[in-house]
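Trainee: I am attaching a structure below and will ask some questions about it afterwards.
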Amino acid sequence: MKILVTGGAGFIGSHTVVELQNEGFEVVIIDNLSNSSKKSLDGIMAITGKAPTFEKLDLREKDKVQDFFKRHQDIEGVIHFAASKAVGESVENPLLYYENNLGTLVYLLQELSKLKTSNFIFSSSCTVYGQADKMPITEDAPVKPAESPYGNTKQIGEEIIRDTCKVTPKIKAISLRYFNPMGAHPSVEIGELPIGVPQNLVPFITQTAVGLREQLSVFGDDYPTQDGTCIRDYIHVVDLAKAHVAALQRLLENKNKENYEVFNLGTGKGSSVLEVVNSFEKVSNKKLNYKIVDRRPGDVISAYADTTKANEVLGWKAKSTLDEAMKSAWDWEQKIRK
Ligand code: NAD
Ligand code: WQD
């Protein structure tokens with residue numbers, strides 16, 4: 001069964017391609033390599049022994065997208081990772097984000113509407129909840145005004161899919177709201193390759209430890225939390241990848257109750273920034289050089305998932321602990337810096 005994975009050379013996409021291949025799916029990757037490299041494809045091959053079909057293609061080019069689907073009429077499912085994801089950049093360059101994250105989504109859905117049936121999985125984000133009123137966060141928590149154009153593209157993206165599914169019953173879709181993905185494949189053949197200075201906590205920690213960065217700045221320790229630092233739900237990227245296979249199988253087996261569903265993907269456990277730092281120090285046996293600085297504008301105090309729906313409906317549950325995920329991130333960082 002042939003599955004299209006857009007953004008499949010990227011961090012979460014490459015890990016998902018591995019899990020799809022492990023389940024016997026034939027995978028075609030579309031990626032313009034704007035935030036990844038073909039090294040990921042070598043890594044996938046090293047893990048599974050199977051080279052996914054790869055087409056370097058920019059999904060903003062509508063005619064190229066149309067041509068791709070003409071040549072791949074036998075696609076049975078699409079997992080859509082391709083997007084720009086840097087929150088800060090989206091504030092400076094909103095139109096780049098609206099074009100890249102929404103224009104491409106529209107082109108894909110237009111092509112899916114021409115197929116006799118299709119199964120579509122969308123990469124969404126817990127960012128749609130903003131600062132939720134209640135922890136843990138359930139899927140029916142209200143979507144709040146986005147803090148950034150990036151977050152807005154996830155909210156609008158979900159609405160585009162929902163509205164399309166309403167009038168196109170042959171499209172079955174699931175939005176997966178990721179909390180905080182981290183870590184790398186245990187084989188250390190694939191992992192996160194942030195370009196430039198990492199915005200996210202975990203790659204900044206490992207890059208500081210390996211000497212690439214001088215010191216980690218902890219953005220505020222005066223929040224109303226146990227140790228004063230913000231709380232997030234850090235999920236191992238391999239657990240996240242496995243959830244995509246579970247969601248795809250739900251659609252392929254027509255088990256979905258509605259033709260548009262939403263699931264939170266997290267561990268259900270909240271960890272503070274300092275707990276993440278402590279986890280790193282424990283698994284690496286290294287002291288991390290960090291200092292407390294001012295809060296980062298736009299940060300929510302706490303966000304961790306109620307994973308009941310994904311556990312019960314998808315039959316999926318995150319298995320890795322924070323320490324296991326952190327160990328995989330550290331192993332990966334050391335390998336790529338050799
Ligand atoms: P990533 O940047 O590693 O992967 C995205 C991939 O899409 C890259 O390989 C990039 O080259 C490709 N791409 C971007 N624009 C493209 C285009 N126009 N045409 C073709 N390819 C294009 O990011 P990721 O961390 O793997 O995230 C994947 C998805 O998950 C994104 O939609 C992101 O918004 C979402 N998400 C990520 C996180 C996170 O913390 N990483 C959290 C929540 C949601
Ligand atoms: C986590 C915590 C920071 C860096 C972002 C996007 C979200 C999604 C995941 C794409 C926060 C603190 C961080 C640092 C720090 N991406 N921190 N020093 O902000 O929860 O989510 O990435 O979809 O949309 O918003 O993740 O890793 O940036 O921050 O103290 O150098 O670590 O303040 O409390 P975040 P993050």
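Residue numbering restarts at 1 for every chain of the structure tokens, chains are lettered A, B, ... in their displayed order, and ligands are numbered from 1 as they appear.
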Using DSSP on the backbone, list every residue of stretch 20-93 of chain A that comes out as strand (DSSP E), and give them as a list in words.

Mentor: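 Going through stretch 20-93 of chain A, the strand (DSSP E) residues come out as Glu26, Val27, Val28, Ile29, Ile30, Asp31, Thr53, Phe54, Glu55, Lys56, Ile75, Glu76, Gly77, Val78, Ile79 and His80 of chain A.
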
Trainee: For stretch 203-211 of chain A, find every residue with an atom within 7 Å (counting only C-alpha atoms), except residues of its own chain fewer than 3 positions away, and show them as a PyMOL selection string.

Mentor: chain A and resi 198+200+214-216+288+330+333-334

Trainee: As a quick test: using only C-alpha atoms and all ligand atoms, which residues lie no more than 9 Å away from ligand 2? Give them as a tab-separated table (two decimals) with N, CA and C atoms, in the first residue's frame.

Mentor:
```
chain	number	residue	atom	x	y	z
A	84	SER	N	6.71	25.14	7.44
A	84	SER	CA	7.74	25.89	8.17
A	84	SER	C	7.27	25.96	9.62
A	85	LYS	N	8.22	25.90	10.58
A	85	LYS	CA	7.78	25.71	11.97
A	85	LYS	C	8.48	26.61	12.99
A	86	ALA	N	9.19	27.63	12.51
A	86	ALA	CA	9.91	28.48	13.48
A	86	ALA	C	9.00	29.64	13.90
A	87	VAL	N	8.59	29.61	15.16
A	87	VAL	CA	7.62	30.59	15.67
A	87	VAL	C	8.12	32.02	15.45
A	88	GLY	N	9.36	32.27	15.84
A	88	GLY	CA	9.91	33.64	15.73
A	88	GLY	C	9.94	34.12	14.30
A	123	SER	N	-0.20	17.31	10.46
A	123	SER	CA	0.62	17.66	11.63
A	123	SER	C	0.12	18.94	12.25
A	124	SER	N	-0.58	18.79	13.37
A	124	SER	CA	-0.98	19.99	14.07
A	124	SER	C	-0.15	20.10	15.36
A	125	SER	N	-0.57	20.98	16.24
A	125	SER	CA	0.30	21.28	17.38
A	125	SER	C	-0.54	21.71	18.58
A	126	CYS	N	-0.03	21.42	19.76
A	126	CYS	CA	-0.72	21.86	20.99
A	126	CYS	C	-0.73	23.38	21.09
A	127	THR	N	0.00	24.01	20.22
A	127	THR	CA	0.04	25.47	20.20
A	127	THR	C	-1.35	26.05	19.94
A	128	VAL	N	-2.24	25.23	19.35
A	128	VAL	CA	-3.60	25.73	19.05
A	128	VAL	C	-4.36	26.04	20.34
A	147	GLU	N	-0.78	32.72	19.27
A	147	GLU	CA	0.25	33.66	19.75
A	147	GLU	C	1.19	34.06	18.62
A	148	SER	N	1.10	33.34	17.48
A	148	SER	CA	2.04	33.63	16.37
A	148	SER	C	1.39	33.23	15.05
A	150	TYR	N	2.66	31.31	12.99
A	150	TYR	CA	2.87	29.86	12.86
A	150	TYR	C	1.71	29.11	13.53
A	151	GLY	N	1.42	29.49	14.77
A	151	GLY	CA	0.33	28.81	15.49
A	151	GLY	C	-0.99	28.99	14.75
A	154	LYS	N	-1.63	26.54	12.03
A	154	LYS	CA	-2.11	25.22	12.49
A	154	LYS	C	-3.60	25.27	12.77
A	177	ARG	N	-2.38	16.63	17.16
A	177	ARG	CA	-1.83	17.80	17.86
A	177	ARG	C	-0.65	17.33	18.72
A	178	TYR	N	0.57	17.58	18.18
A	178	TYR	CA	1.78	17.15	18.89
A	178	TYR	C	2.06	18.08	20.05
A	179	PHE	N	2.52	17.52	21.16
A	179	PHE	CA	3.00	18.39	22.23
A	179	PHE	C	4.47	18.68	21.96
A	180	ASN	N	5.41	18.27	22.76
A	180	ASN	CA	6.80	18.65	22.47
A	180	ASN	C	7.66	17.45	22.06
A	181	PRO	N	7.80	17.24	20.75
A	181	PRO	CA	8.61	16.10	20.30
A	181	PRO	C	10.08	16.32	20.64
A	182	MET	N	10.77	15.24	20.96
A	182	MET	CA	12.21	15.33	21.26
A	182	MET	C	12.86	13.98	21.02
A	198	PRO	N	19.32	26.68	17.70
A	198	PRO	CA	18.04	26.02	17.98
A	198	PRO	C	17.12	26.89	18.84
A	199	GLN	N	15.84	26.92	18.46
A	199	GLN	CA	14.86	27.65	19.28
A	199	GLN	C	14.34	26.78	20.41
A	200	ASN	N	14.37	25.44	20.16
A	200	ASN	CA	13.75	24.53	21.12
A	200	ASN	C	14.73	24.14	22.23
A	201	LEU	N	14.14	23.82	23.37
A	201	LEU	CA	14.94	23.54	24.57
A	201	LEU	C	15.92	22.38	24.40
A	202	VAL	N	15.40	21.23	23.95
A	202	VAL	CA	16.25	20.03	24.01
A	202	VAL	C	17.48	20.12	23.09
A	203	PRO	N	17.32	20.52	21.82
A	203	PRO	CA	18.55	20.66	21.02
A	203	PRO	C	19.49	21.73	21.57
A	204	PHE	N	18.96	22.74	22.23
A	204	PHE	CA	19.85	23.76	22.79
A	204	PHE	C	20.65	23.16	23.95
A	205	ILE	N	19.99	22.31	24.73
A	205	ILE	CA	20.70	21.64	25.84
A	205	ILE	C	21.83	20.78	25.30
A	216	LEU	N	23.14	27.52	28.26
A	216	LEU	CA	21.69	27.52	28.08
A	216	LEU	C	21.07	28.65	28.89
A	217	SER	N	20.20	29.42	28.27
A	217	SER	CA	19.41	30.42	29.02
A	217	SER	C	18.07	29.79	29.36
A	218	VAL	N	17.77	29.75	30.63
A	218	VAL	CA	16.45	29.25	31.05
A	218	VAL	C	15.51	30.45	31.12
A	219	PHE	N	14.48	30.43	30.29
A	219	PHE	CA	13.64	31.62	30.14
A	219	PHE	C	12.64	31.76	31.29
A	220	GLY	N	13.14	32.20	32.43
A	220	GLY	CA	12.26	32.54	33.55
A	220	GLY	C	12.10	31.43	34.57
A	221	ASP	N	12.24	31.80	35.84
A	221	ASP	CA	11.98	30.81	36.91
A	221	ASP	C	11.03	31.43	37.93
A	229	THR	N	9.72	27.19	36.70
A	229	THR	CA	9.94	27.16	35.24
A	229	THR	C	8.75	26.50	34.53
A	230	CYS	N	8.63	26.78	33.24
A	230	CYS	CA	7.45	26.34	32.48
A	230	CYS	C	7.39	24.83	32.33
A	231	ILE	N	6.18	24.34	32.19
A	231	ILE	CA	5.94	22.90	32.10
A	231	ILE	C	5.47	22.54	30.69
A	232	ARG	N	6.03	21.45	30.13
A	232	ARG	CA	5.64	20.96	28.82
A	232	ARG	C	5.54	19.44	28.86
A	233	ASP	N	5.01	18.88	27.77
A	233	ASP	CA	4.86	17.42	27.66
A	233	ASP	C	5.82	16.95	26.57
A	234	TYR	N	6.96	16.40	27.02
A	234	TYR	CA	8.02	16.02	26.08
A	234	TYR	C	7.83	14.58	25.64
A	272	SER	N	9.02	20.23	33.95
A	272	SER	CA	9.47	21.63	33.92
A	272	SER	C	10.81	21.73	33.19
A	273	VAL	N	11.20	22.94	32.85
A	273	VAL	CA	12.48	23.14	32.17
A	273	VAL	C	13.61	22.60	33.04
A	274	LEU	N	13.58	22.90	34.32
A	274	LEU	CA	14.66	22.43	35.20
A	274	LEU	C	14.65	20.91	35.35
A	276	VAL	N	13.88	18.96	32.92
A	276	VAL	CA	14.48	18.50	31.67
A	276	VAL	C	16.00	18.64	31.77
A	292	ILE	N	19.56	31.45	34.60
A	292	ILE	CA	18.16	31.88	34.54
A	292	ILE	C	18.14	33.30	33.97
A	293	VAL	N	17.32	33.53	32.96
A	293	VAL	CA	17.18	34.87	32.40
A	293	VAL	C	15.69	35.24	32.41
A	295	ARG	N	11.80	35.90	31.21
A	295	ARG	CA	10.82	35.08	30.48
A	295	ARG	C	10.92	35.35	28.97
A	296	ARG	N	10.56	34.36	28.18
A	296	ARG	CA	10.46	34.53	26.72
A	296	ARG	C	9.03	34.92	26.39
A	297	PRO	N	8.82	36.06	25.69
A	297	PRO	CA	7.44	36.47	25.37
A	297	PRO	C	6.71	35.35	24.60
A	298	GLY	N	5.45	35.17	24.96
A	298	GLY	CA	4.63	34.20	24.21
A	298	GLY	C	4.63	32.82	24.83
A	299	ASP	N	5.52	32.57	25.80
A	299	ASP	CA	5.55	31.24	26.42
A	299	ASP	C	4.31	31.03	27.27
A	300	VAL	N	3.70	29.85	27.15
A	300	VAL	CA	2.61	29.51	28.07
A	300	VAL	C	3.24	28.90	29.31
A	301	ILE	N	2.52	28.99	30.43
A	301	ILE	CA	3.08	28.50	31.71
A	301	ILE	C	3.15	26.98	31.69
A	302	SER	N	2.05	26.38	31.24
A	302	SER	CA	1.99	24.91	31.32
A	302	SER	C	1.17	24.34	30.17
A	303	ALA	N	1.65	23.23	29.61
A	303	ALA	CA	0.88	22.55	28.55
A	303	ALA	C	1.29	21.08	28.56
```

Trainee: 6 Å from ligand 1 is the threshold here; counting only C-alpha atoms and all ligand atoms, which polymer residues fall inside it? Answer as number ranges by chain.

Mentor: A: 7, 9-13, 30-36, 57-60, 81-85, 100, 123-125, 178, 180-181

Trainee: Can you pull out the residues contacting stretch 15-21 of chain A? Cut-off 9 Å, using only C-alpha atoms, and skip same-chain residues under 5 positions away; I want them as an MDAnalysis selection string.

Mentor: chainID A and resid 3 5 8:10 26:29 44:45 47:48 50 52 184:185 190:191 237:238 240:245

Trainee: How would the residues just chosen look if you wrote them out with N, CA and C atoms as an mmCIF file, in the first residue's frame?

Mentor:
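New file result_14.cif:
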```
data_model
loop_
_atom_site.group_PDB
_atom_site.id
_atom_site.type_symbol
_atom_site.label_atom_id
_atom_site.label_comp_id
_atom_site.auth_asym_id
_atom_site.auth_seq_id
_atom_site.Cartn_x
_atom_site.Cartn_y
_atom_site.Cartn_z
ATOM 1 N N ILE A 3 1.955 5.080 0.482
ATOM 2 C CA ILE A 3 1.636 6.237 1.326
ATOM 3 C C ILE A 3 2.574 7.386 0.958
ATOM 4 N N VAL A 5 4.383 10.694 2.112
ATOM 5 C CA VAL A 5 4.786 11.425 3.320
ATOM 6 C C VAL A 5 5.425 12.733 2.871
ATOM 7 N N GLY A 8 8.951 14.248 4.507
ATOM 8 C CA GLY A 8 9.457 12.977 5.037
ATOM 9 C C GLY A 8 10.953 12.930 5.264
ATOM 10 N N ALA A 9 11.688 13.956 4.819
ATOM 11 C CA ALA A 9 13.133 13.997 5.114
ATOM 12 C C ALA A 9 13.373 14.768 6.411
ATOM 13 N N GLY A 10 12.328 15.293 6.979
ATOM 14 C CA GLY A 10 12.444 16.109 8.186
ATOM 15 C C GLY A 10 12.497 15.277 9.460
ATOM 16 N N GLU A 26 4.563 0.912 1.490
ATOM 17 C CA GLU A 26 5.476 1.483 0.499
ATOM 18 C C GLU A 26 5.387 3.009 0.660
ATOM 19 N N VAL A 27 6.522 3.674 0.801
ATOM 20 C CA VAL A 27 6.499 5.112 1.105
ATOM 21 C C VAL A 27 7.098 5.928 -0.034
ATOM 22 N N VAL A 28 6.385 7.010 -0.374
ATOM 23 C CA VAL A 28 6.933 8.007 -1.299
ATOM 24 C C VAL A 28 7.089 9.300 -0.508
ATOM 25 N N ILE A 29 8.271 9.881 -0.537
ATOM 26 C CA ILE A 29 8.536 11.141 0.179
ATOM 27 C C ILE A 29 8.569 12.276 -0.821
ATOM 28 N N ILE A 44 17.305 6.427 6.956
ATOM 29 C CA ILE A 44 16.115 5.547 6.898
ATOM 30 C C ILE A 44 16.513 4.198 6.296
ATOM 31 N N MET A 45 17.260 4.272 5.216
ATOM 32 C CA MET A 45 17.731 3.049 4.531
ATOM 33 C C MET A 45 18.585 2.209 5.471
ATOM 34 N N ILE A 47 18.387 1.983 8.608
ATOM 35 C CA ILE A 47 17.562 1.364 9.665
ATOM 36 C C ILE A 47 16.692 0.237 9.103
ATOM 37 N N THR A 48 16.034 0.511 7.973
ATOM 38 C CA THR A 48 15.025 -0.462 7.495
ATOM 39 C C THR A 48 15.524 -1.315 6.329
ATOM 40 N N LYS A 50 15.309 -0.403 3.439
ATOM 41 C CA LYS A 50 14.459 -0.055 2.281
ATOM 42 C C LYS A 50 14.604 1.447 1.989
ATOM 43 N N PRO A 52 13.107 4.649 0.678
ATOM 44 C CA PRO A 52 11.824 5.196 0.237
ATOM 45 C C PRO A 52 11.998 5.915 -1.092
ATOM 46 N N ALA A 184 15.674 11.061 19.380
ATOM 47 C CA ALA A 184 16.139 10.549 18.076
ATOM 48 C C ALA A 184 15.975 9.041 18.062
ATOM 49 N N HIS A 185 16.064 8.488 16.852
ATOM 50 C CA HIS A 185 15.926 7.036 16.719
ATOM 51 C C HIS A 185 17.046 6.337 17.492
ATOM 52 N N ILE A 190 19.050 8.538 12.439
ATOM 53 C CA ILE A 190 18.256 9.744 12.145
ATOM 54 C C ILE A 190 17.956 10.460 13.460
ATOM 55 N N GLY A 191 17.707 11.756 13.345
ATOM 56 C CA GLY A 191 17.412 12.561 14.536
ATOM 57 C C GLY A 191 17.081 13.976 14.099
ATOM 58 N N VAL A 237 10.215 11.131 19.837
ATOM 59 C CA VAL A 237 9.793 11.226 18.435
ATOM 60 C C VAL A 237 9.408 9.856 17.869
ATOM 61 N N VAL A 238 10.000 8.768 18.391
ATOM 62 C CA VAL A 238 9.614 7.442 17.890
ATOM 63 C C VAL A 238 8.203 7.087 18.368
ATOM 64 N N LEU A 240 5.920 9.254 18.853
ATOM 65 C CA LEU A 240 5.083 10.117 18.015
ATOM 66 C C LEU A 240 4.903 9.483 16.633
ATOM 67 N N ALA A 241 5.978 8.967 16.084
ATOM 68 C CA ALA A 241 5.929 8.342 14.749
ATOM 69 C C ALA A 241 4.968 7.158 14.751
ATOM 70 N N LYS A 242 5.019 6.358 15.802
ATOM 71 C CA LYS A 242 4.141 5.177 15.887
ATOM 72 C C LYS A 242 2.669 5.575 15.941
ATOM 73 N N ALA A 243 2.397 6.734 16.522
ATOM 74 C CA ALA A 243 1.008 7.208 16.588
ATOM 75 C C ALA A 243 0.469 7.499 15.187
ATOM 76 N N HIS A 244 1.353 7.934 14.289
ATOM 77 C CA HIS A 244 0.921 8.225 12.915
ATOM 78 C C HIS A 244 0.508 6.944 12.193
ATOM 79 N N VAL A 245 1.230 5.852 12.457
ATOM 80 C CA VAL A 245 0.855 4.576 11.848
ATOM 81 C C VAL A 245 -0.501 4.130 12.395
#
```

Trainee: Which residues in stretch 76-219 of chain A does DSSP call alpha helix (DSSP H)? List them as a VMD selection string.

Mentor: chain A and resid 87 to 92 94 to 98 104 to 112 149 to 167 201 to 209

Trainee: Would you mind reading off the distance between atom CA of A:Leu176 and atom CA of A:Ile121, one decimal, in Å?

Mentor: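 Interatomic distance, atom CA of A:Leu176 to atom CA of A:Ile121: 7.3 Å.
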